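Note: the block below is upload-v1.tsv and it holds TSV, C-alpha atoms.
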chain	number	residue	atom	x	y	z
A	1	LYS	CA	-3.61	-92.44	79.48
A	2	LYS	CA	-5.62	-90.02	77.35
A	3	ARG	CA	-4.60	-86.39	77.46
A	4	THR	CA	-7.15	-83.70	78.26
A	5	ILE	CA	-7.23	-79.95	77.70
A	6	GLY	CA	-9.08	-79.13	80.90
A	7	PRO	CA	-12.53	-77.62	81.29
A	8	LEU	CA	-13.97	-76.01	78.15
A	9	THR	CA	-14.80	-72.74	79.86
A	10	PRO	CA	-13.00	-69.40	79.38
A	11	PRO	CA	-10.77	-68.08	82.19
A	12	ASP	CA	-12.26	-65.52	84.56
A	13	TYR	CA	-10.11	-62.71	83.21
A	14	LEU	CA	-11.73	-63.14	79.77
A	15	ASN	CA	-15.19	-62.88	81.28
A	16	SER	CA	-14.25	-59.62	82.97
A	17	ILE	CA	-13.41	-57.87	79.68
A	18	ARG	CA	-16.15	-59.38	77.51
A	19	GLN	CA	-18.19	-56.76	75.63
A	20	THR	CA	-21.95	-56.88	75.18
A	21	TRP	CA	-23.49	-55.35	72.06
A	22	MET	CA	-26.48	-53.18	72.93
A	23	HIS	CA	-29.26	-52.34	70.49
A	24	TYR	CA	-29.13	-48.66	69.52
A	25	TRP	CA	-31.15	-48.00	66.35
A	26	SER	CA	-33.17	-49.95	63.79
A	27	VAL	CA	-35.25	-48.92	60.81
A	28	ASP	CA	-38.28	-50.76	62.20
A	29	LYS	CA	-38.31	-48.91	65.52
A	30	GLU	CA	-36.45	-45.62	65.76
A	31	GLY	CA	-36.52	-45.24	61.99
A	32	LYS	CA	-40.32	-45.39	61.92
A	33	ASP	CA	-40.41	-42.64	64.55
A	34	GLY	CA	-38.33	-40.37	62.35
A	35	VAL	CA	-35.18	-40.66	64.48
A	36	SER	CA	-31.96	-40.76	62.45
A	37	PRO	CA	-28.94	-42.78	63.62
A	38	ALA	CA	-26.17	-40.70	65.15
A	39	ILE	CA	-22.98	-41.32	67.13
A	40	ARG	CA	-23.61	-39.95	70.61
A	41	ASP	CA	-20.57	-41.25	72.44
A	42	GLN	CA	-17.24	-41.08	70.62
A	43	ALA	CA	-15.67	-43.42	73.18
A	44	LYS	CA	-17.91	-46.32	72.18
A	45	ILE	CA	-17.60	-48.68	69.23
A	46	TYR	CA	-20.56	-48.83	66.88
A	47	ARG	CA	-21.31	-51.45	64.26
A	48	ALA	CA	-24.04	-51.41	61.64
A	49	LYS	CA	-25.84	-53.97	59.50
A	50	LEU	CA	-26.73	-52.41	56.16
A	51	ARG	CA	-29.55	-53.67	53.96
A	52	GLY	CA	-30.39	-52.72	50.41
A	53	ALA	CA	-33.80	-51.65	49.21
A	54	PRO	CA	-36.17	-54.56	48.43
A	55	TRP	CA	-35.71	-54.07	44.67
A	56	SER	CA	-31.92	-54.59	45.04
A	57	SER	CA	-32.53	-58.35	45.24
A	58	ILE	CA	-33.47	-58.44	41.54
A	59	GLY	CA	-31.23	-55.86	39.88
A	60	TRP	CA	-29.05	-52.77	40.10
A	61	SER	CA	-32.02	-50.44	39.69
A	62	PRO	CA	-35.80	-50.79	40.03
A	63	GLU	CA	-36.31	-49.51	36.47
A	64	SER	CA	-34.10	-52.18	34.84
A	65	PRO	CA	-34.21	-55.48	36.78
A	66	GLY	CA	-31.92	-58.40	36.04
A	67	PHE	CA	-28.33	-59.04	37.16
A	68	PHE	CA	-26.98	-59.03	33.63
A	69	PHE	CA	-24.82	-56.45	31.85
A	70	TRP	CA	-23.32	-55.94	28.41
A	71	PHE	CA	-20.09	-53.96	27.94
A	72	GLU	CA	-20.28	-52.59	24.41
A	73	ALA	CA	-16.59	-51.84	24.25
A	74	GLN	CA	-16.37	-51.65	20.45
A	75	ARG	CA	-18.81	-48.76	20.03
A	76	PRO	CA	-17.35	-45.33	19.11
A	77	GLU	CA	-18.33	-44.37	22.66
A	78	PRO	CA	-18.12	-47.53	24.85
A	79	ARG	CA	-20.90	-48.08	27.36
A	80	VAL	CA	-22.27	-50.56	29.89
A	81	THR	CA	-25.97	-51.32	29.71
A	82	TYR	CA	-27.69	-53.67	32.14
A	83	GLY	CA	-30.93	-55.42	33.02
A	84	MET	CA	-34.10	-55.25	30.94
A	85	ARG	CA	-32.99	-51.98	29.39
A	86	ALA	CA	-30.19	-53.81	27.60
A	87	ILE	CA	-32.70	-55.71	25.47
A	88	GLU	CA	-33.67	-52.45	23.76
A	89	GLU	CA	-30.14	-51.05	23.49
A	90	VAL	CA	-27.72	-53.78	22.38
A	91	GLY	CA	-28.97	-54.05	18.80
A	92	ASP	CA	-30.15	-56.82	16.50
A	93	GLU	CA	-27.02	-58.20	14.84
A	94	ARG	CA	-27.34	-61.98	14.53
A	95	CYS	CA	-25.03	-64.57	16.04
A	96	THR	CA	-23.35	-66.92	13.54
A	97	MET	CA	-20.97	-69.12	15.60
A	98	VAL	CA	-20.75	-70.31	19.21
A	99	HIS	CA	-17.52	-71.48	20.92
A	100	MET	CA	-16.83	-72.88	24.40
A	101	ILE	CA	-13.56	-71.84	26.08
A	102	SER	CA	-12.37	-73.30	29.39
A	103	HIS	CA	-9.30	-72.54	31.51
A	104	ARG	CA	-7.87	-72.63	34.99
A	105	TYR	CA	-6.90	-69.41	36.72
A	106	ALA	CA	-3.22	-68.52	36.83
A	107	VAL	CA	-1.60	-68.78	40.26
A	108	ALA	CA	2.06	-68.94	41.25
A	109	LYS	CA	1.69	-72.42	42.77
A	110	GLU	CA	-1.39	-74.51	42.06
A	111	THR	CA	-3.03	-76.40	44.91
A	112	PRO	CA	-5.00	-79.61	44.30
A	113	LYS	CA	-8.16	-77.50	44.46
A	114	ASP	CA	-6.79	-75.06	41.87
A	115	LYS	CA	-6.09	-77.95	39.50
A	116	LEU	CA	-9.71	-79.06	39.74
A	117	THR	CA	-11.21	-75.57	39.35
A	118	TRP	CA	-12.09	-74.57	35.79
A	119	HIS	CA	-13.82	-71.49	34.44
A	120	SER	CA	-15.76	-71.72	31.17
A	121	VAL	CA	-17.07	-68.96	28.93
A	122	VAL	CA	-18.97	-68.80	25.66
A	123	MET	CA	-17.69	-66.77	22.73
A	124	LEU	CA	-20.17	-65.52	20.13
A	125	GLU	CA	-19.36	-64.47	16.57
A	126	TRP	CA	-21.63	-62.01	14.72
A	127	GLU	CA	-22.73	-61.47	11.14
A	128	HIS	CA	-20.79	-58.21	10.82
A	129	GLY	CA	-17.49	-60.00	11.54
A	130	LYS	CA	-15.97	-56.97	13.30
A	131	PHE	CA	-15.70	-58.30	16.87
A	132	CYS	CA	-16.89	-61.12	19.14
A	133	THR	CA	-18.60	-61.30	22.52
A	134	ILE	CA	-17.56	-63.24	25.62
A	135	VAL	CA	-20.41	-64.44	27.86
A	136	GLU	CA	-19.61	-65.56	31.40
A	137	GLY	CA	-21.28	-66.04	34.75
A	138	ALA	CA	-19.55	-65.21	38.03
A	139	TYR	CA	-19.99	-63.68	41.48
A	140	LEU	CA	-22.53	-60.88	41.73
A	141	ASN	CA	-20.74	-57.50	41.65
A	142	GLY	CA	-17.45	-59.30	41.04
A	143	ILE	CA	-16.44	-56.87	38.29
A	144	GLY	CA	-17.72	-53.72	40.00
A	145	GLY	CA	-16.05	-54.71	43.27
A	146	TYR	CA	-12.81	-55.55	41.44
A	147	LYS	CA	-12.54	-52.15	39.74
A	148	GLY	CA	-13.58	-53.40	36.31
A	149	ARG	CA	-10.60	-55.72	35.91
A	150	SER	CA	-11.54	-58.36	33.34
A	151	ASN	CA	-9.24	-61.04	31.94
A	152	TRP	CA	-10.70	-60.43	28.48
A	153	TYR	CA	-9.17	-56.96	27.95
A	154	HIS	CA	-5.57	-55.87	27.57
A	155	ASP	CA	-5.98	-53.00	30.05
A	156	LYS	CA	-6.83	-55.22	33.04
A	157	ASP	CA	-3.76	-54.08	34.98
A	158	GLU	CA	-4.17	-50.37	34.26
A	159	PRO	CA	-4.99	-48.14	37.27
A	160	VAL	CA	-8.43	-47.44	35.78
A	161	THR	CA	-9.77	-49.75	33.08
A	162	SER	CA	-12.08	-48.70	30.24
A	163	LEU	CA	-14.75	-51.01	31.66
A	164	TYR	CA	-14.56	-49.36	35.08
A	165	LYS	CA	-14.89	-45.92	33.52
A	166	CYS	CA	-18.13	-46.99	31.85
A	167	MET	CA	-19.75	-48.71	34.82
A	168	PRO	CA	-22.72	-46.89	36.40
A	169	PRO	CA	-22.12	-46.09	40.09
A	170	GLU	CA	-24.90	-48.41	41.23
A	171	MET	CA	-22.90	-51.36	39.86
A	172	ILE	CA	-19.77	-50.56	41.89
A	173	CYS	CA	-20.16	-52.33	45.21
A	174	PRO	CA	-18.74	-55.33	47.13
A	175	TRP	CA	-19.15	-58.71	45.49
A	176	ILE	CA	-21.47	-61.36	46.90
A	177	THR	CA	-20.22	-64.95	46.70
A	178	SER	CA	-23.67	-66.44	47.30
A	179	ALA	CA	-25.22	-64.81	44.21
A	180	ALA	CA	-24.32	-64.45	40.54
A	181	GLU	CA	-24.45	-62.15	37.54
A	182	ILE	CA	-24.05	-62.74	33.80
A	183	ARG	CA	-21.65	-60.58	31.82
A	184	CYS	CA	-21.27	-59.95	28.11
A	185	TYR	CA	-18.05	-58.36	26.86
A	186	ASP	CA	-17.59	-57.19	23.28
A	187	VAL	CA	-13.92	-57.99	22.61
A	188	PRO	CA	-11.66	-56.87	19.73
A	189	VAL	CA	-11.20	-60.27	18.09
A	190	ARG	CA	-13.07	-61.35	14.95
A	191	ASN	CA	-12.97	-65.14	15.25
A	192	LEU	CA	-11.74	-68.09	17.29
A	193	SER	CA	-8.24	-68.01	15.79
A	194	GLU	CA	-7.72	-64.44	16.98
A	195	MET	CA	-9.10	-65.33	20.41
A	196	LYS	CA	-6.61	-68.20	20.68
A	197	GLU	CA	-3.81	-65.72	19.97
A	198	TYR	CA	-5.10	-63.41	22.69
A	199	VAL	CA	-5.38	-66.23	25.25
A	200	ALA	CA	-1.87	-67.48	24.38
A	201	THR	CA	-0.49	-64.01	25.14
A	202	TYR	CA	-1.76	-64.27	28.71
A	203	THR	CA	-1.20	-67.97	29.38
A	204	GLY	CA	1.24	-68.88	32.14
A	205	PRO	CA	1.43	-69.20	35.94
A	206	ASP	CA	2.30	-65.51	36.32
A	207	LYS	CA	-0.31	-64.27	33.82
A	208	ARG	CA	-4.08	-64.95	33.52
A	209	PHE	CA	-4.85	-68.38	32.09
A	210	ILE	CA	-3.59	-71.93	32.55
A	211	ASP	CA	-4.25	-74.87	30.23
A	212	PRO	CA	-6.92	-73.30	27.98
A	213	HIS	CA	-9.25	-75.70	26.17
A	214	TYR	CA	-11.51	-75.01	23.17
A	215	SER	CA	-14.00	-77.78	23.64
A	216	PHE	CA	-16.92	-76.83	21.38
A	217	SER	CA	-17.58	-74.87	18.21
A	218	HIS	CA	-20.75	-74.87	16.15
A	219	ALA	CA	-22.87	-72.67	13.94
A	220	ALA	CA	-25.68	-70.92	15.81
A	221	ARG	CA	-28.93	-72.74	15.04
A	222	LEU	CA	-31.52	-70.71	16.94
A	223	THR	CA	-33.95	-68.85	14.72
A	224	TYR	CA	-34.08	-65.94	17.16
A	225	ARG	CA	-30.39	-65.27	17.81
A	226	SER	CA	-29.93	-61.50	17.66
A	227	ARG	CA	-28.08	-59.59	20.37
A	228	SER	CA	-31.39	-58.47	21.86
A	229	ASN	CA	-32.73	-62.05	21.76
A	230	ILE	CA	-29.65	-63.33	23.58
A	231	ALA	CA	-29.89	-60.55	26.16
A	232	GLN	CA	-33.48	-61.62	26.86
A	233	TYR	CA	-32.46	-65.29	27.24
A	234	LEU	CA	-29.68	-64.42	29.68
A	235	ILE	CA	-31.91	-62.19	31.78
A	236	ASN	CA	-34.54	-64.94	31.92
A	237	TYR	CA	-31.87	-67.38	33.11
A	238	ILE	CA	-30.25	-65.21	35.80
A	239	SER	CA	-33.63	-64.01	37.10
A	240	ARG	CA	-35.01	-67.47	37.86
A	241	ASP	CA	-35.65	-67.92	41.59

Show the structure stored in the file as structure tokens.
Amino acid sequence: KKRTIGPLTPPDYLNSIRQTWMHYWSVDKEGKDGVSPAIRDQAKIYRAKLRGAPWSSIGWSPESPGFFFWFEAQRPEPRVTYGMRAIEEVGDERCTMVHMISHRYAVAKETPKDKLTWHSVVMLEWEHGKFCTIVEGAYLNGIGGYKGRSNWYHDKDEPVTSLYKCMPPEMICPWITSAAEIRCYDVPVRNLSEMKEYVATYTGPDKRFIDPHYSFSHAARLTYRSRSNIAQYLINYISRD
């Protein structure tokens, strides 16, 4: 005989305590009339749905659209520049080499899903030979919402990282898993060999990386391959609808 769980209706005592959410204020109604939202009854529970300005769907500010940022950590005074403004500010040094780096994220005990999940970044070398740049794509506001903690800097576990100190306030907000941003990090390594040493330092189940792979290396062949050129390409890519 098949077992049953009875009627799929809630007991009467649940119906007696069920709450109904009542409309109180919206920007399209009360907001248009100049009425500001306010808590009138302290005994009631209020909830709000917050929406950003229309321009927030294309960037962190209306003046510089594009969910792309560049952390120029190797400048005498480090800074974060983002969106279209970055094209004018990051300089014109030319890229010489391109490398692909892939890894799994470090966890105490890997699940089958963890073993199938890989993260890949691109590392760029420059003509000056003083430092390299890591390029990665990830959740929108993932770095701002995570207090500027990046795997590609030694100070990730510090209370306040150098990246977080440099981030404009408009970039510090909760991450959105249904959207993406592109990040460029200037890192203090001069070539792939030095990057391998850095990754090895943080490889292990209790560190940052697991099973790193260096799957591609080649000389940059684009004619237009300056930092500003690359910033433009990345903004074009992330801004496509």

*May I have the protein, DNA and RNA residues with any atom at most 8 Å from the point (-23.0, -61.6, 30.4), counting only C-alpha atoms, written as a ChimeraX atom specification?*
/A:68-70,134-137,181-185,234

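Residue neighbourhood of Gly144 (chain A), excluding near-sequence residues (fewer than 6 positions): Tyr164, Met167, Met171, Ile172, Cys173, Pro174 and Trp175 of chain A, at 8 Å, using all atoms listed in the file.
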
_Taking 6 positions as the minimum chain separation for residues in the same chain, which residues sit within 8 Å of Ile176 (chain A) when counting only C-alpha atoms? Answer as JSON, numbers by chain._
{"A": [139, 140, 141, 142]}

For those residues, write C-alpha atoms to a file as a tab-separated table (two decimals), in the frame of the given file.
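Saved as out28.tsv:
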chain	number	residue	atom	x	y	z
A	139	TYR	CA	-19.99	-63.68	41.48
A	140	LEU	CA	-22.53	-60.88	41.73
A	141	ASN	CA	-20.74	-57.50	41.65
A	142	GLY	CA	-17.45	-59.30	41.04

*Could you tell me which of A:Ser61, A:Pro205, A:Met100, A:Asp186 comes closest to Asp114 (chain A) if we count all atoms listed in the file?*
A:Pro205

Using all atoms listed in the file, find each residue in region 97-120 of chain A having at least one atom no more than 9 Å away from region 219-232 of chain A; report its shortest atom-to-atom pair and that distance in Å (one decimal), rows by chain then rising number, as a tab-separated table.
residue	atom	partner	partner_atom	distance
A:Met97	CA	A:Ala219	CA	4.4
A:Val98	CA	A:Ala220	CA	6.0
A:His99	CA	A:Ala219	CA	8.9

Create the file for the chosen residues now, containing C-alpha atoms and written as an mmCIF file, keeping the file's coordinate frame.
data_model
loop_
_atom_site.group_PDB
_atom_site.id
_atom_site.type_symbol
_atom_site.label_atom_id
_atom_site.label_comp_id
_atom_site.auth_asym_id
_atom_site.auth_seq_id
_atom_site.Cartn_x
_atom_site.Cartn_y
_atom_site.Cartn_z
ATOM 1 C CA MET A 97 -20.970 -69.120 15.600
ATOM 2 C CA VAL A 98 -20.750 -70.310 19.210
ATOM 3 C CA HIS A 99 -17.520 -71.480 20.920
#

_If I take CA of Ser57 (chain A) and CA of Gly148 (chain A), how far is one from the other in Å, to one decimal?_
21.5 Å

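The spacing separating CA of Lys196 (chain A) from CA of Phe209 (chain A) amounts to 11.5 Å.
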